[in-house]
Every structure is written in C-alpha cells, then in structure tokens.
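J.: You'll find my_file_2.cif just under this line, and it carries mmCIF, C-alpha atoms.
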```cif
data_input
loop_
_atom_site.group_PDB
_atom_site.id
_atom_site.type_symbol
_atom_site.label_atom_id
_atom_site.label_comp_id
_atom_site.auth_asym_id
_atom_site.auth_seq_id
_atom_site.Cartn_x
_atom_site.Cartn_y
_atom_site.Cartn_z
ATOM 1 C CA MET L 1 0.000 0.000 0.000
ATOM 2 C CA SER L 2 1.396 3.406 -0.957
ATOM 3 C CA SER L 3 1.831 6.193 1.571
ATOM 4 C CA LEU L 4 -1.066 8.128 -0.013
ATOM 5 C CA GLU L 5 -3.378 5.115 0.327
ATOM 6 C CA ARG L 6 -2.217 4.541 3.901
ATOM 7 C CA SER L 7 -2.912 8.205 4.722
ATOM 8 C CA TYR L 8 -6.404 7.967 3.224
ATOM 9 C CA VAL L 9 -7.240 4.912 5.326
ATOM 10 C CA ARG L 10 -5.861 6.552 8.492
ATOM 11 C CA VAL L 11 -7.960 9.695 7.921
ATOM 12 C CA LEU L 12 -11.107 7.607 7.411
ATOM 13 C CA LEU L 13 -10.440 5.602 10.549
ATOM 14 C CA PHE L 14 -9.667 8.777 12.509
ATOM 15 C CA LEU L 15 -13.084 10.162 11.522
ATOM 16 C CA VAL L 16 -14.830 6.926 12.450
ATOM 17 C CA TYR L 17 -12.920 5.919 15.607
ATOM 18 C CA VAL L 18 -11.551 9.029 17.218
ATOM 19 C CA LEU L 19 -14.233 11.584 16.284
ATOM 20 C CA GLY L 20 -16.967 8.939 16.326
ATOM 21 C CA LEU L 21 -18.883 10.266 13.298
ATOM 22 C CA TYR L 22 -20.520 6.899 12.655
ATOM 23 C CA PHE L 23 -21.959 6.830 16.178
ATOM 24 C CA ILE L 24 -22.940 10.521 16.105
ATOM 25 C CA TRP L 25 -24.871 9.938 12.865
ATOM 26 C CA SER L 26 -26.560 6.894 14.424
ATOM 27 C CA ARG L 27 -27.751 8.932 17.414
ATOM 28 C CA ILE L 28 -29.060 11.723 15.127
ATOM 29 C CA GLY L 29 -30.745 9.218 12.801
ATOM 30 C CA ARG L 30 -32.443 7.504 15.725
ATOM 31 C CA VAL L 31 -34.000 10.808 16.823
ATOM 32 C CA LEU L 32 -35.068 11.735 13.273
ATOM 33 C CA PHE L 33 -36.400 8.394 12.025
ATOM 34 C CA GLU L 34 -36.915 5.946 14.887
ATOM 35 C CA PHE L 35 -38.182 7.820 17.933
ATOM 36 C CA ARG L 36 -41.128 5.460 18.529
ATOM 37 C CA TRP L 37 -38.738 2.522 19.094
ATOM 38 C CA ARG L 38 -36.701 4.297 21.750
ATOM 39 C CA GLY L 39 -35.733 2.213 24.773
ATOM 40 C CA GLU L 40 -34.067 -1.042 25.678
ATOM 41 C CA ALA L 41 -34.891 -4.514 24.422
ATOM 42 C CA PRO L 42 -36.361 -7.082 26.858
ATOM 43 C CA GLN L 43 -33.703 -8.294 29.258
ATOM 44 C CA GLU L 44 -32.241 -11.781 28.968
ATOM 45 C CA PHE L 45 -29.446 -13.407 31.023
ATOM 46 C CA ASP L 46 -28.695 -16.503 28.943
ATOM 47 C CA ALA L 47 -26.285 -15.942 26.021
ATOM 48 C CA GLU L 48 -27.725 -18.882 24.095
ATOM 49 C CA LYS L 49 -31.281 -17.526 24.413
ATOM 50 C CA ILE L 50 -30.087 -14.123 23.172
ATOM 51 C CA GLN L 51 -28.367 -15.787 20.236
ATOM 52 C CA GLY L 52 -31.540 -17.810 19.599
ATOM 53 C CA LEU L 53 -33.527 -14.571 19.301
ATOM 54 C CA LEU L 54 -30.880 -13.112 16.974
ATOM 55 C CA ASP L 55 -31.046 -16.264 14.845
ATOM 56 C CA THR L 56 -34.737 -15.553 14.113
ATOM 57 C CA CYS L 57 -33.737 -12.250 12.470
ATOM 58 C CA THR L 58 -32.545 -11.634 8.914
ATOM 59 C CA TRP L 59 -29.375 -9.806 7.901
ATOM 60 C CA ARG L 60 -30.185 -6.984 5.537
ATOM 61 C CA PRO L 61 -28.176 -3.916 4.496
ATOM 62 C CA ASP L 62 -29.360 -0.562 5.776
ATOM 63 C CA PRO L 63 -31.867 1.270 3.570
ATOM 64 C CA TRP L 64 -30.627 4.176 1.450
ATOM 65 C CA TRP L 65 -32.030 6.786 3.828
ATOM 66 C CA HIS L 66 -29.625 5.582 6.524
ATOM 67 C CA LEU L 67 -26.957 7.325 4.402
ATOM 68 C CA GLY L 68 -24.618 4.374 4.251
ATOM 69 C CA ASP L 69 -24.867 3.031 7.759
ATOM 70 C CA MET L 70 -26.798 3.838 10.904
ATOM 71 C CA ILE L 71 -27.342 1.820 14.076
ATOM 72 C CA SER L 72 -31.078 1.419 14.789
ATOM 73 C CA TYR L 73 -32.678 1.067 18.199
ATOM 74 C CA PRO L 74 -32.702 -2.527 19.541
ATOM 75 C CA ARG L 75 -36.500 -2.556 19.884
ATOM 76 C CA LYS L 76 -36.929 -1.645 16.212
ATOM 77 C CA PHE L 77 -34.595 -4.456 15.183
ATOM 78 C CA LEU L 78 -36.396 -7.043 17.336
ATOM 79 C CA GLU L 79 -39.837 -5.932 16.064
ATOM 80 C CA THR L 80 -38.916 -5.820 12.365
ATOM 81 C CA LYS L 81 -36.534 -8.816 12.664
ATOM 82 C CA ARG L 82 -34.099 -7.382 10.124
ATOM 83 C CA GLY L 83 -30.944 -5.294 10.117
ATOM 84 C CA ASP L 84 -27.239 -5.470 9.485
ATOM 85 C CA CYS L 85 -24.459 -6.477 11.865
ATOM 86 C CA ASP L 86 -24.701 -3.366 14.035
ATOM 87 C CA GLU L 87 -28.383 -3.976 14.792
ATOM 88 C CA PHE L 88 -27.653 -7.593 15.754
ATOM 89 C CA ALA L 89 -24.841 -6.444 18.064
ATOM 90 C CA VAL L 90 -26.705 -3.558 19.711
ATOM 91 C CA ALA L 91 -29.762 -5.771 20.318
ATOM 92 C CA ALA L 92 -27.534 -8.378 22.019
ATOM 93 C CA LEU L 93 -25.940 -5.657 24.172
ATOM 94 C CA SER L 94 -29.354 -4.302 25.127
ATOM 95 C CA MET L 95 -30.753 -7.715 26.086
ATOM 96 C CA GLY L 96 -27.594 -8.547 28.052
ATOM 97 C CA ARG L 97 -27.299 -5.142 29.705
ATOM 98 C CA HIS L 98 -26.955 -6.598 33.233
ATOM 99 C CA GLY L 99 -24.630 -9.391 32.241
ATOM 100 C CA ILE L 100 -25.096 -12.832 30.730
ATOM 101 C CA LYS L 101 -24.259 -16.437 31.502
ATOM 102 C CA TYR L 102 -22.500 -18.587 28.950
ATOM 103 C CA LYS L 103 -21.296 -22.114 29.726
ATOM 104 C CA SER L 104 -21.822 -21.457 33.481
ATOM 105 C CA GLN L 105 -19.539 -18.397 33.373
ATOM 106 C CA HIS L 106 -20.837 -14.872 34.089
ATOM 107 C CA TYR L 107 -19.920 -12.163 31.561
ATOM 108 C CA PHE L 108 -20.656 -8.467 31.843
ATOM 109 C CA ARG L 109 -21.459 -6.182 28.949
ATOM 110 C CA LEU L 110 -18.379 -4.402 27.635
ATOM 111 C CA GLY L 111 -19.699 -2.707 24.498
ATOM 112 C CA LEU L 112 -19.889 -2.641 20.735
ATOM 113 C CA LEU L 113 -16.727 -3.956 19.079
ATOM 114 C CA THR L 114 -16.341 -2.365 15.640
ATOM 115 C CA VAL L 115 -13.607 -3.868 13.488
ATOM 116 C CA ASN L 116 -12.478 -2.406 10.167
ATOM 117 C CA TYR L 117 -10.372 -4.186 7.578
ATOM 118 C CA ARG L 118 -9.241 -3.920 3.973
ATOM 119 C CA LYS L 119 -10.048 -6.431 1.310
ATOM 120 C CA ASP L 120 -8.502 -6.278 -2.161
ATOM 121 C CA ARG L 121 -8.155 -2.545 -2.702
ATOM 122 C CA PRO L 122 -6.791 -0.350 0.091
ATOM 123 C CA TRP L 123 -9.359 2.422 -0.378
ATOM 124 C CA ILE L 124 -12.306 0.063 0.160
ATOM 125 C CA LEU L 125 -12.817 -0.661 3.836
ATOM 126 C CA GLY L 126 -15.034 -3.385 5.236
ATOM 127 C CA GLY L 127 -16.210 -3.700 8.768
ATOM 128 C CA HIS L 128 -18.209 -5.732 11.237
ATOM 129 C CA ASN L 129 -19.829 -5.032 14.606
ATOM 130 C CA VAL L 130 -20.254 -7.541 17.418
ATOM 131 C CA ALA L 131 -21.566 -7.392 20.995
ATOM 132 C CA LEU L 132 -18.555 -7.807 23.284
ATOM 133 C CA PHE L 133 -18.797 -9.322 26.777
ATOM 134 C CA ARG L 134 -15.998 -9.891 29.304
ATOM 135 C CA SER L 135 -15.561 -12.215 32.256
ATOM 136 C CA ASP L 136 -13.049 -11.594 35.034
ATOM 137 C CA ARG L 137 -11.749 -14.881 36.366
ATOM 138 C CA PRO L 138 -10.683 -15.516 39.995
ATOM 139 C CA ASP L 139 -7.018 -15.824 38.937
ATOM 140 C CA GLY L 140 -7.098 -12.239 37.591
ATOM 141 C CA SER L 141 -7.267 -13.198 33.912
ATOM 142 C CA ARG L 142 -10.006 -11.993 31.584
ATOM 143 C CA VAL L 143 -11.839 -13.763 28.796
ATOM 144 C CA TYR L 144 -14.040 -12.279 26.078
ATOM 145 C CA ILE L 145 -16.902 -13.589 23.961
ATOM 146 C CA HIS L 146 -18.891 -11.860 21.262
ATOM 147 C CA LEU L 147 -22.397 -12.292 19.884
ATOM 148 C CA SER L 148 -23.539 -11.227 16.424
ATOM 149 C CA ASN L 149 -25.228 -12.412 13.267
ATOM 150 C CA TRP L 150 -22.252 -14.829 13.053
ATOM 151 C CA GLY L 151 -23.256 -16.557 16.309
ATOM 152 C CA ILE L 152 -21.529 -16.788 19.698
ATOM 153 C CA ARG L 153 -17.753 -16.768 19.365
ATOM 154 C CA GLY L 154 -15.083 -17.222 21.979
ATOM 155 C CA PRO L 155 -13.815 -17.361 24.614
ATOM 156 C CA TYR L 156 -10.776 -15.268 23.733
ATOM 157 C CA ALA L 157 -7.881 -14.528 26.076
ATOM 158 C CA SER L 158 -7.582 -10.852 25.069
ATOM 159 C CA LEU L 159 -9.441 -8.008 23.409
ATOM 160 C CA GLU L 160 -6.914 -8.146 20.562
ATOM 161 C CA GLU L 161 -7.652 -11.845 20.010
ATOM 162 C CA ALA L 162 -11.413 -11.148 19.941
ATOM 163 C CA ALA L 163 -10.863 -8.406 17.329
ATOM 164 C CA GLU L 164 -8.615 -10.717 15.289
ATOM 165 C CA SER L 165 -11.394 -13.309 15.161
ATOM 166 C CA VAL L 166 -13.563 -10.764 13.318
ATOM 167 C CA TRP L 167 -11.069 -9.694 10.639
ATOM 168 C CA LYS L 168 -9.643 -13.170 10.061
ATOM 169 C CA GLY L 169 -8.669 -13.512 6.396
ATOM 170 C CA TRP L 170 -8.576 -9.751 5.741
ATOM 171 C CA ILE L 171 -6.019 -7.013 6.365
ATOM 172 C CA PRO L 172 -6.757 -5.291 9.721
ATOM 173 C CA CYS L 173 -7.041 -1.501 9.877
ATOM 174 C CA GLY L 174 -8.276 -0.956 13.405
ATOM 175 C CA TYR L 175 -10.930 -1.573 15.990
ATOM 176 C CA ARG L 176 -12.928 0.367 18.533
ATOM 177 C CA VAL L 177 -14.943 -0.596 21.593
ATOM 178 C CA THR L 178 -17.847 1.779 22.210
ATOM 179 C CA ALA L 179 -20.183 1.789 25.184
ATOM 180 C CA ALA L 180 -23.582 0.263 24.364
ATOM 181 C CA HIS L 181 -25.341 3.653 24.374
ATOM 182 C CA LEU L 182 -22.950 4.768 21.541
ATOM 183 C CA ARG L 183 -21.725 7.857 23.383
ATOM 184 C CA LYS L 184 -18.378 6.917 24.900
ATOM 185 C CA ARG L 185 -15.343 5.351 23.279
ATOM 186 C CA VAL L 186 -13.846 2.779 25.614
ATOM 187 C CA PHE L 187 -10.801 1.839 23.560
ATOM 188 C CA HIS L 188 -9.502 2.083 20.005
ATOM 189 C CA LYS L 189 -6.484 1.020 18.009
ATOM 190 C CA ILE L 190 -5.561 2.037 14.458
ATOM 191 C CA TRP L 191 -2.796 0.443 12.412
#
```
Can you dump the structure from the file as structure tokens?
T.:
Amino acid sequence: MSSLERSYVRVLLFLVYVLGLYFIWSRIGRVLFEFRWRGEAPQEFDAEKIQGLLDTCTWRPDPWWHLGDMISYPRKFLETKRGDCDEFAVAALSMGRHGIKYKSQHYFRLGLLTVNYRKDRPWILGGHNVALFRSDRPDGSRVYIHLSNWGIRGPYASLEEAAESVWKGWIPCGYRVTAAHLRKRVFHKIW
C-alpha cells in the first residue's frame, strides 16, 4: 500500500474511531427516524437464548435513507426482525445489559466492538460489529466472547484476540470498543 493510500485509510479511521462520526450519525438518525422505538430490548441473562432470538432475524443492508450506515434502536430491530451487523450487536448488548451467563460463566457487557479491515483494494474498507462481553476470572485473567449475526464466538484470552477473530482472512485496519449507548469510546487502536 502506498503512503497516499495509507494516509487515506488513516484519515477515514480517525473520523470513524476518534471523532466517532458513525456513532454521532446513528444517534441523530435515531431521533429523526426511529423515535417510537426508543428504549431497551427485553432483558435476557442466557447468552444462548439471546443468540436464539438473533437467529430468528434476517441480515439486511441498511436502507438508502440511513446514508450508508446507521445503528437502529434494539427494539426496532427485534420488532422488524431485520438489520445489518450493528443492529444484531446492539440488540444483544441491550438484552444482556446486566450481564449474561455462557457455559456457566458470568460475563458483563463491555460494548460494541467495531472492526475495520481492507479487502482487495486499500481504499475500500469493510467492517463488522459484534456485541462484546468480558468475564473476570478468579485468577485475575479476563476472557471475552462476542455475539452477532455470526453466532456466539469465543472465549478469547484478550481483546486483541477477539478483534482478530472478526477480521480473520482480511487485512486489519483498526478496531474500537464503544459503550452500548454509543456515546463513549472505551478503547480504540488504528494500524
């Protein structure tokens, strides 16, 4: 990748990760187009039940009026049963807002893990969102799992390993963990 292409990708990721334009647009779009669906999804504590609900939904790209990509309210997604990866992830985070159990281990909600990667051409970025949960073990170690339209994945020994599981097979550009309400960046890394 040339230095000009690398600069272009870094600027795009700066706008998305550091300034959070994607999440700002989602919050504005929710107010403009989806006010009646405001609020949390029904609570669920079992990761497999949450994934079962997600499995009844259909992946579909955002409509044109979402201007590329916008994260809808979880209640809208669960009522319409369709959305793209960010709706699957945000619905899982909303249902598991007070923590979940998976294979007799308790996990608490960490946030939305957004991973960006390059495919063939450096100026075309791909991305995927998953609901990220973390468990703190008695020995001080941490493990992560994520839920999405891809299913339940994990456990992973580190946040980096969880992100790597999403971009597997592609060239990583960066990732960001955002709080479930889409207002606060928890962590980001750009290559």
J.: Looking at all atoms listed in the file, which of L:Tyr156, L:Trp25, L:Tyr102, L:Phe35 is the one that sits closest to L:Met70?
T.: L:Trp25
J.: From the list L:Ala92, L:Cys57, L:Tyr175, L:Arg134, which residue is nearest L:Thr114 when using only C-alpha atoms?
T.: L:Tyr175
J.: Take atom CA of L:Leu21 and atom CA of L:Asp62 and report the distance between them in Å, one decimal.
T.: 16.8 Å
J.: Restricting the calculation to all atoms listed in the file, which member of L:Ser141, L:Thr178, L:Ser2, L:Ser94 is positioned closest to L:Leu113?
T.: L:Thr178
J.: When the PyMOL selection byres ((chain L and resi 136) around 12) is applied to the structure above, which residues does it catch, written out as a VMD selection string?
T.: chain L and resid 105 to 110 133 to 135 137 to 145 155 157 to 158
J.: Of the residues L:Ala131, L:Val31, L:Val177, L:Leu78, which is the one nearest to L:Gly96, using all atoms listed in the file?
T.: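 Among L:Ala131, L:Val31, L:Val177, L:Leu78, it is L:Ala131 that comes nearest to L:Gly96.
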J.: Please enumerate the residues selected by the PyMOL selection byres ((chain L and resi 126) around 7) when evaluated against the supplied file, formatted as a list of chain:residue names.
T.: L:Asn116, L:Tyr117, L:Arg118, L:Ile124, L:Leu125, L:Gly127
J.: What's the 8 Å shell around stretch 37-46 of chain L, counting all atoms listed in the file, without same-chain residues fewer than 3 positions away, as a PyMOL selection string?
T.: chain L and resi 34+49-50+73-76+78+91+94-102
